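Have a look at the structure below before the remarks.
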Amino acid sequence: MKKRILSGMRPTGKLHLGHLVGALDNWVKLQDEYECYFMVADWHALMGDYERSHQMREFITENVIDWLCAGLDPEKSNIFVQSQVFQHLELNMVFSCLTPLGWLERCPTYKEQLREVETRNLNTYGFLGYPVLQAADILLYKANAVPVGEDQLPHLELTREIARRFNGLYKQEIFPDPQALLTKVPRLLGLDGRKMSKSYDNAVNLSDTAEAINKKISNMFTDPKRIKLMDKGHPDICNVYSYYATFVPSMKESVFDWCRNAKTGCTACKKQLAEGLIKALEPFHERRKALSGDTNKIKKILEAGRENASNFASNTMKEVKEAIGI
Ligand code: TRP
Ligand code: SF4
């Protein structure tokens, strides 16, 4: 029997290169080894973006297209939308009853967001419960493992505590102890050297055209100490070089040499990176051409995913209700 995994992404905007190397490439690899549930976490998106949710439907479809272009295969994996499987909220309710407030108030991601996010009001009842819903997502499918980035570890720790508390209270081993499948990825910074984020508008999106990629890469920040062509550069601190390492690894050595020994200027270096990146993304773009516009196909995939997910979820909820006594 294959082990099961569940993971999710919030549909808060277009997906970019960070999503590809940070999550999608890894999801694609896991498809053969595990029984996979990949979920568009629209309720979680609403928790943070409830004041501007009007584009959510569009983001959901576009994100799923990007998932498919990256190589997620609906024949192998269950791809579905969280809000279409009502049991997520049911289990969220159960877990809300037994999760002590202190666990949530102490959660480092929660404290950090409240401190740092200034443009949205996150001081809400729903947002405090963000990790409770995430625990419901994971445990509804009795997932053994959850592929996530490091930033999500506190949520996984809470998931395990909630599972143990439920099992303990109702004296049944209904829920497993899900493990994090940490994705080891080179940290890819945004085009301006800050954290890659849609709110900074500093990323190459997966749906960007070749023209857009050229333009964005040409504006990338480079080694600030390299001003004239004769200055020797420092590839190790240059963001452009880290993009080479990730997307055009075959050119890594020559770029290092050109830069270190001042053989090429930064403009040429970036132009070449753009070409390499466009080439690396070519298969992705080909698939995107075929898929975008085919909303029917996306609908069908999500409908099949919803059905499988719902079947599993309703079995779990039967056991849960039985155990509780309702
Ligand atoms: N919180 C996750 C994120 O922001 C998204 C998410 C929601 C998730 N539910 C999940 C991830 C369940 C893994 C498992 O990235
Ligand atoms: Fe960066 Fe390339 Fe310029 Fe070197 S030549 S500093 S790697 S952009």
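Identifiers in this document derive from the order of the structure tokens: chains are assigned A, B, ..., residues are numbered from 1 separately in each chain, and ligands are numbered from 1 in order of occurrence.
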Check: Counting only C-alpha atoms and all ligand atoms, what residues are within 12 Å of ligand 2, given as a PyMOL selection string?
Finding: chain A and resi 191+193+217-245+251-274
Check: So which residues are near ligand 1, meaning at most 7 Å away with only C-alpha atoms and all ligand atoms counted, given back as a list in words?
Finding: Leu6, Ser7, Gly8, Met9, Arg10, Ala41, His44, Gln134, Ala135, Asp137, Ile138, Val146, Pro147, Val148 and Gln152 of chain A
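Counting only C-alpha atoms, Met47 of chain A has the following residues at most 7 Å away, ignoring those fewer than 3 positions along the same chain: Trp43, His44, Tyr50, Gly126 and Phe127 of chain A.
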Resulting file, chosen residues, N, CA, C and O atoms, as a PDB file, in the first residue's frame:
```pdb
ATOM      1  N   TRP A  43     -10.232  28.387   0.952  1.00  0.00           N
ATOM      2  CA  TRP A  43     -10.664  28.935   2.256  1.00  0.00           C
ATOM      3  C   TRP A  43      -9.485  29.609   2.950  1.00  0.00           C
ATOM      4  O   TRP A  43      -9.634  30.663   3.568  1.00  0.00           O
ATOM      5  N   HIS A  44      -8.323  29.007   2.855  1.00  0.00           N
ATOM      6  CA  HIS A  44      -7.149  29.623   3.477  1.00  0.00           C
ATOM      7  C   HIS A  44      -6.811  30.959   2.809  1.00  0.00           C
ATOM      8  O   HIS A  44      -6.391  31.898   3.476  1.00  0.00           O
ATOM      9  N   TYR A  50      -9.781  38.269   2.474  1.00  0.00           N
ATOM     10  CA  TYR A  50     -11.251  38.394   2.404  1.00  0.00           C
ATOM     11  C   TYR A  50     -11.709  39.764   1.914  1.00  0.00           C
ATOM     12  O   TYR A  50     -12.814  39.926   1.437  1.00  0.00           O
ATOM     13  N   GLY A 126     -11.241  34.065  12.258  1.00  0.00           N
ATOM     14  CA  GLY A 126     -10.878  33.067  11.257  1.00  0.00           C
ATOM     15  C   GLY A 126      -9.376  32.898  11.111  1.00  0.00           C
ATOM     16  O   GLY A 126      -8.869  31.781  11.049  1.00  0.00           O
ATOM     17  N   PHE A 127      -8.658  34.006  11.073  1.00  0.00           N
ATOM     18  CA  PHE A 127      -7.230  33.917  10.810  1.00  0.00           C
ATOM     19  C   PHE A 127      -6.474  33.235  11.955  1.00  0.00           C
ATOM     20  O   PHE A 127      -5.511  32.511  11.729  1.00  0.00           O
TER      21      PHE A 127
END
```
May I have the residues within 12 Å of Ala313 of chain A as an mmCIF file with C-alpha atoms, in the first residue's frame, using only C-alpha atoms and disregarding those fewer than 4 positions away in the same chain?
```
data_model
loop_
_atom_site.group_PDB
_atom_site.id
_atom_site.type_symbol
_atom_site.label_atom_id
_atom_site.label_comp_id
_atom_site.auth_asym_id
_atom_site.auth_seq_id
_atom_site.Cartn_x
_atom_site.Cartn_y
_atom_site.Cartn_z
ATOM 1 C CA TYR A 37 -4.028 14.754 -2.797
ATOM 2 C CA GLN A 82 -10.886 22.766 -0.787
ATOM 3 C CA GLN A 84 -15.814 21.939 -2.918
ATOM 4 C CA VAL A 85 -15.327 19.269 -0.259
ATOM 5 C CA PHE A 86 -17.489 20.457 2.627
ATOM 6 C CA GLN A 87 -15.951 18.018 5.130
ATOM 7 C CA HIS A 88 -12.926 20.298 5.510
ATOM 8 C CA LEU A 89 -15.133 22.734 7.394
ATOM 9 C CA GLU A 90 -16.837 19.961 9.340
ATOM 10 C CA LEU A 91 -13.568 18.613 10.646
ATOM 11 C CA ALA A 136 -8.331 19.361 9.099
ATOM 12 C CA ASP A 137 -7.052 19.376 5.481
ATOM 13 C CA ILE A 138 -4.252 16.991 6.336
ATOM 14 C CA LEU A 139 -6.055 14.668 8.738
ATOM 15 C CA LEU A 140 -9.246 14.374 6.703
ATOM 16 C CA TYR A 141 -7.168 12.251 4.294
ATOM 17 C CA LYS A 142 -5.170 10.617 7.089
ATOM 18 C CA ALA A 143 -2.063 11.809 5.294
ATOM 19 C CA GLY A 305 -10.748 15.212 -7.920
ATOM 20 C CA ARG A 306 -13.661 16.495 -5.866
ATOM 21 C CA GLU A 307 -15.410 13.156 -6.099
ATOM 22 C CA ASN A 308 -12.418 11.095 -4.956
ATOM 23 C CA ALA A 309 -11.573 13.522 -2.199
ATOM 24 C CA MET A 317 -16.074 11.981 9.023
ATOM 25 C CA LYS A 318 -18.174 8.904 9.710
ATOM 26 C CA GLU A 319 -15.448 7.551 11.951
ATOM 27 C CA VAL A 320 -14.974 10.944 13.586
#
```
Next item on the list: Run DSSP on the backbone and give me the residues of segment 89-238 of chain A it puts in alpha helix (DSSP H), as number ranges by chain.
Entry: A: 89-98, 101-105, 108-116, 125-128, 130-140, 153-169, 210-218
Next item on the list: Determine, counting only C-alpha atoms, which protein, DNA and RNA residues have an atom within 7 Å of an atom of segment 95-111 of chain A; residues of the same chain fewer than 5 positions away are not included. Present the result as a PyMOL selection string.
Entry: chain A and resi 128-129+132+154+162
Notebook entry, point to check: segment 51-61 of chain A: which residues within 9 Å, counting only C-alpha atoms, same-chain residues fewer than 5 positions away excluded, as a PyMOL selection string?
Noted result: chain A and resi 10-15+40+42+45-46+66+81+120-121+295+298-299
Please produce an output containing N, CA, C and O atoms for each residue in the selection, written as a compact mmCIF listing (two decimals), in the first residue's frame.
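Result file follows (selection_5.txt):
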```txt
# COMPACT_ATOMS: atom_id res chain seq x y z
N ARG A 10 -2.40 28.27 -1.66
CA ARG A 10 -3.49 29.27 -1.66
C ARG A 10 -3.58 29.99 -2.99
O ARG A 10 -2.54 30.44 -3.50
N PRO A 11 -4.76 30.12 -3.56
CA PRO A 11 -4.90 30.81 -4.85
C PRO A 11 -4.97 32.33 -4.68
O PRO A 11 -6.02 32.94 -4.84
N THR A 12 -3.82 32.93 -4.35
CA THR A 12 -3.84 34.37 -4.09
C THR A 12 -3.26 35.19 -5.24
O THR A 12 -3.15 36.40 -5.13
N GLY A 13 -2.85 34.51 -6.31
CA GLY A 13 -2.29 35.25 -7.44
C GLY A 13 -1.71 34.28 -8.43
O GLY A 13 -1.92 33.07 -8.33
N LYS A 14 -0.98 34.84 -9.39
CA LYS A 14 -0.35 33.97 -10.37
C LYS A 14 0.82 33.22 -9.73
O LYS A 14 1.46 33.74 -8.83
N LEU A 15 1.10 32.05 -10.22
CA LEU A 15 2.24 31.29 -9.69
C LEU A 15 3.52 31.73 -10.40
O LEU A 15 3.51 32.12 -11.55
N VAL A 40 -6.32 23.06 -3.88
CA VAL A 40 -6.30 24.52 -3.96
C VAL A 40 -6.97 25.02 -2.68
O VAL A 40 -8.15 24.79 -2.45
N ASP A 42 -8.60 27.39 -1.12
CA ASP A 42 -9.29 28.69 -1.29
C ASP A 42 -9.83 29.26 0.03
O ASP A 42 -9.83 30.47 0.22
N ALA A 45 -7.01 31.03 1.51
CA ALA A 45 -6.76 32.29 0.81
C ALA A 45 -7.73 33.36 1.32
O ALA A 45 -7.35 34.52 1.54
N LEU A 46 -8.97 32.94 1.54
CA LEU A 46 -9.98 33.90 2.00
C LEU A 46 -9.65 34.44 3.39
O LEU A 46 -9.94 35.60 3.70
N ASP A 66 -1.36 25.91 -14.21
CA ASP A 66 0.09 25.87 -13.95
C ASP A 66 0.51 24.54 -13.34
O ASP A 66 1.58 24.01 -13.67
N VAL A 81 -10.45 21.32 -5.22
CA VAL A 81 -10.57 22.62 -4.57
C VAL A 81 -11.18 22.41 -3.18
O VAL A 81 -12.23 21.79 -3.03
N ARG A 120 -3.41 44.47 5.42
CA ARG A 120 -4.65 43.72 5.60
C ARG A 120 -4.92 43.56 7.09
O ARG A 120 -4.00 43.45 7.88
N ASN A 121 -6.20 43.52 7.46
CA ASN A 121 -6.53 43.32 8.86
C ASN A 121 -6.66 41.83 9.15
O ASN A 121 -7.65 41.20 8.79
N THR A 295 -11.34 25.49 -20.54
CA THR A 295 -11.87 25.50 -19.17
C THR A 295 -12.68 24.24 -18.87
O THR A 295 -12.78 23.83 -17.72
N ILE A 298 -10.40 21.62 -17.45
CA ILE A 298 -10.04 21.92 -16.05
C ILE A 298 -11.20 21.56 -15.13
O ILE A 298 -11.04 20.96 -14.07
N LYS A 299 -12.40 21.94 -15.57
CA LYS A 299 -13.60 21.63 -14.78
C LYS A 299 -13.73 20.15 -14.52
O LYS A 299 -14.02 19.70 -13.41
```
Item checked: segment 33-250 of chain A: residues DSSP assigns to strand (DSSP E or B), reported as JSON, numbers by chain -> {"A": [35, 36, 37, 38, 39, 40, 77, 78, 79, 80, 81, 145, 146, 147, 148, 179, 180, 181, 182, 189, 195, 205]}
Restrict the selected residues to N, CA and C atoms and save them as a PDB file, in the first residue's frame.
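The resulting file, result.pdb, is reproduced below:
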```pdb
ATOM      1  N   GLU A  35       0.175   8.030  -2.829  1.00  0.00           N
ATOM      2  CA  GLU A  35      -1.192   8.375  -3.226  1.00  0.00           C
ATOM      3  C   GLU A  35      -1.347   9.861  -2.887  1.00  0.00           C
ATOM      4  N   CYS A  36      -1.594  10.678  -3.913  1.00  0.00           N
ATOM      5  CA  CYS A  36      -1.465  12.127  -3.707  1.00  0.00           C
ATOM      6  C   CYS A  36      -2.784  12.881  -3.733  1.00  0.00           C
ATOM      7  N   TYR A  37      -2.924  13.795  -2.798  1.00  0.00           N
ATOM      8  CA  TYR A  37      -4.028  14.754  -2.797  1.00  0.00           C
ATOM      9  C   TYR A  37      -3.443  16.156  -2.864  1.00  0.00           C
ATOM     10  N   PHE A  38      -3.709  16.858  -3.952  1.00  0.00           N
ATOM     11  CA  PHE A  38      -3.221  18.221  -4.101  1.00  0.00           C
ATOM     12  C   PHE A  38      -4.412  19.175  -4.166  1.00  0.00           C
ATOM     13  N   MET A  39      -4.390  20.143  -3.276  1.00  0.00           N
ATOM     14  CA  MET A  39      -5.597  20.920  -3.034  1.00  0.00           C
ATOM     15  C   MET A  39      -5.363  22.412  -3.242  1.00  0.00           C
ATOM     16  N   VAL A  40      -6.317  23.060  -3.878  1.00  0.00           N
ATOM     17  CA  VAL A  40      -6.304  24.516  -3.956  1.00  0.00           C
ATOM     18  C   VAL A  40      -6.967  25.023  -2.677  1.00  0.00           C
ATOM     19  N   SER A  77      -2.831  11.745  -9.632  1.00  0.00           N
ATOM     20  CA  SER A  77      -3.054  12.517  -8.409  1.00  0.00           C
ATOM     21  C   SER A  77      -4.473  13.056  -8.334  1.00  0.00           C
ATOM     22  N   ASN A  78      -4.970  13.210  -7.133  1.00  0.00           N
ATOM     23  CA  ASN A  78      -6.273  13.846  -6.949  1.00  0.00           C
ATOM     24  C   ASN A  78      -6.072  15.345  -6.807  1.00  0.00           C
ATOM     25  N   ILE A  79      -6.615  16.078  -7.748  1.00  0.00           N
ATOM     26  CA  ILE A  79      -6.459  17.529  -7.750  1.00  0.00           C
ATOM     27  C   ILE A  79      -7.833  18.130  -7.489  1.00  0.00           C
ATOM     28  N   PHE A  80      -7.960  18.898  -6.434  1.00  0.00           N
ATOM     29  CA  PHE A  80      -9.304  19.393  -6.094  1.00  0.00           C
ATOM     30  C   PHE A  80      -9.251  20.741  -5.382  1.00  0.00           C
ATOM     31  N   VAL A  81     -10.445  21.320  -5.225  1.00  0.00           N
ATOM     32  CA  VAL A  81     -10.573  22.619  -4.570  1.00  0.00           C
ATOM     33  C   VAL A  81     -11.185  22.413  -3.176  1.00  0.00           C
ATOM     34  N   ALA A 145       2.245  11.896   5.197  1.00  0.00           N
ATOM     35  CA  ALA A 145       3.309  12.864   4.968  1.00  0.00           C
ATOM     36  C   ALA A 145       2.755  14.096   4.262  1.00  0.00           C
ATOM     37  N   VAL A 146       3.410  15.221   4.517  1.00  0.00           N
ATOM     38  CA  VAL A 146       2.968  16.496   3.954  1.00  0.00           C
ATOM     39  C   VAL A 146       4.175  17.215   3.367  1.00  0.00           C
ATOM     40  N   PRO A 147       4.258  17.311   2.039  1.00  0.00           N
ATOM     41  CA  PRO A 147       5.374  18.053   1.457  1.00  0.00           C
ATOM     42  C   PRO A 147       5.162  19.553   1.662  1.00  0.00           C
ATOM     43  N   VAL A 148       6.046  20.151   2.410  1.00  0.00           N
ATOM     44  CA  VAL A 148       5.932  21.587   2.680  1.00  0.00           C
ATOM     45  C   VAL A 148       7.299  22.236   2.752  1.00  0.00           C
ATOM     46  N   GLN A 179       4.075  13.280   8.917  1.00  0.00           N
ATOM     47  CA  GLN A 179       5.444  13.799   8.923  1.00  0.00           C
ATOM     48  C   GLN A 179       5.635  14.852   7.829  1.00  0.00           C
ATOM     49  N   ALA A 180       6.498  15.791   8.096  1.00  0.00           N
ATOM     50  CA  ALA A 180       6.834  16.781   7.062  1.00  0.00           C
ATOM     51  C   ALA A 180       7.775  16.138   6.044  1.00  0.00           C
ATOM     52  N   LEU A 181       7.491  16.364   4.788  1.00  0.00           N
ATOM     53  CA  LEU A 181       8.445  15.985   3.740  1.00  0.00           C
ATOM     54  C   LEU A 181       9.084  17.293   3.302  1.00  0.00           C
ATOM     55  N   LEU A 182      10.192  17.618   3.941  1.00  0.00           N
ATOM     56  CA  LEU A 182      10.797  18.923   3.668  1.00  0.00           C
ATOM     57  C   LEU A 182      11.351  18.999   2.253  1.00  0.00           C
ATOM     58  N   LEU A 189      15.668  34.093  -4.719  1.00  0.00           N
ATOM     59  CA  LEU A 189      15.194  35.424  -4.357  1.00  0.00           C
ATOM     60  C   LEU A 189      14.454  36.061  -5.522  1.00  0.00           C
ATOM     61  N   LYS A 195      12.841  38.933  -0.916  1.00  0.00           N
ATOM     62  CA  LYS A 195      12.096  37.682  -0.926  1.00  0.00           C
ATOM     63  C   LYS A 195      11.145  37.680  -2.124  1.00  0.00           C
ATOM     64  N   ASN A 205       6.607  35.103 -13.550  1.00  0.00           N
ATOM     65  CA  ASN A 205       5.455  34.215 -13.418  1.00  0.00           C
ATOM     66  C   ASN A 205       5.557  33.068 -14.404  1.00  0.00           C
TER      67      ASN A 205
END
```
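Here the question is which of A:Thr209, A:Gln31, A:Asn296, A:Asn26 gets nearest to Lys279 of chain A using only C-alpha atoms, and that residue is A:Thr209.
With only C-alpha atoms as the basis for measurement, A:Leu206 is the residue among A:Leu72, A:Leu133, A:Leu206, A:Met1 that approaches Ile278 of chain A most closely.
For the set A:Ile301, A:Leu122, A:Val248, A:Val21, the residue with the smallest atom-to-atom gap to Arg187 of chain A is A:Val21, counting only C-alpha atoms.
Each of A:Pro249, A:Pro178, A:Pro131, A:Pro283 was checked against Leu68 of chain A using only C-alpha atoms; the smallest atom-to-atom distance is that of A:Pro283.
The shortest atom-to-atom distance to Asn144 of chain A, with only C-alpha atoms taken into account, belongs to A:Leu156 out of A:Val185, A:Leu291, A:Leu156, A:Val64.
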Check: So which residues touch Ala323 of chain A within 12 Å, counting only C-alpha atoms, skipping near sequence neighbours fewer than 5 positions away, as a PyMOL selection string?
Finding: chain A and resi 94+166-175+316-318
Note to self: Quick check, in Å to one decimal: how far apart do atom CA of Val28 of chain A and atom CA of Gly71 of chain A lie?
What the structure shows: 5.8 Å
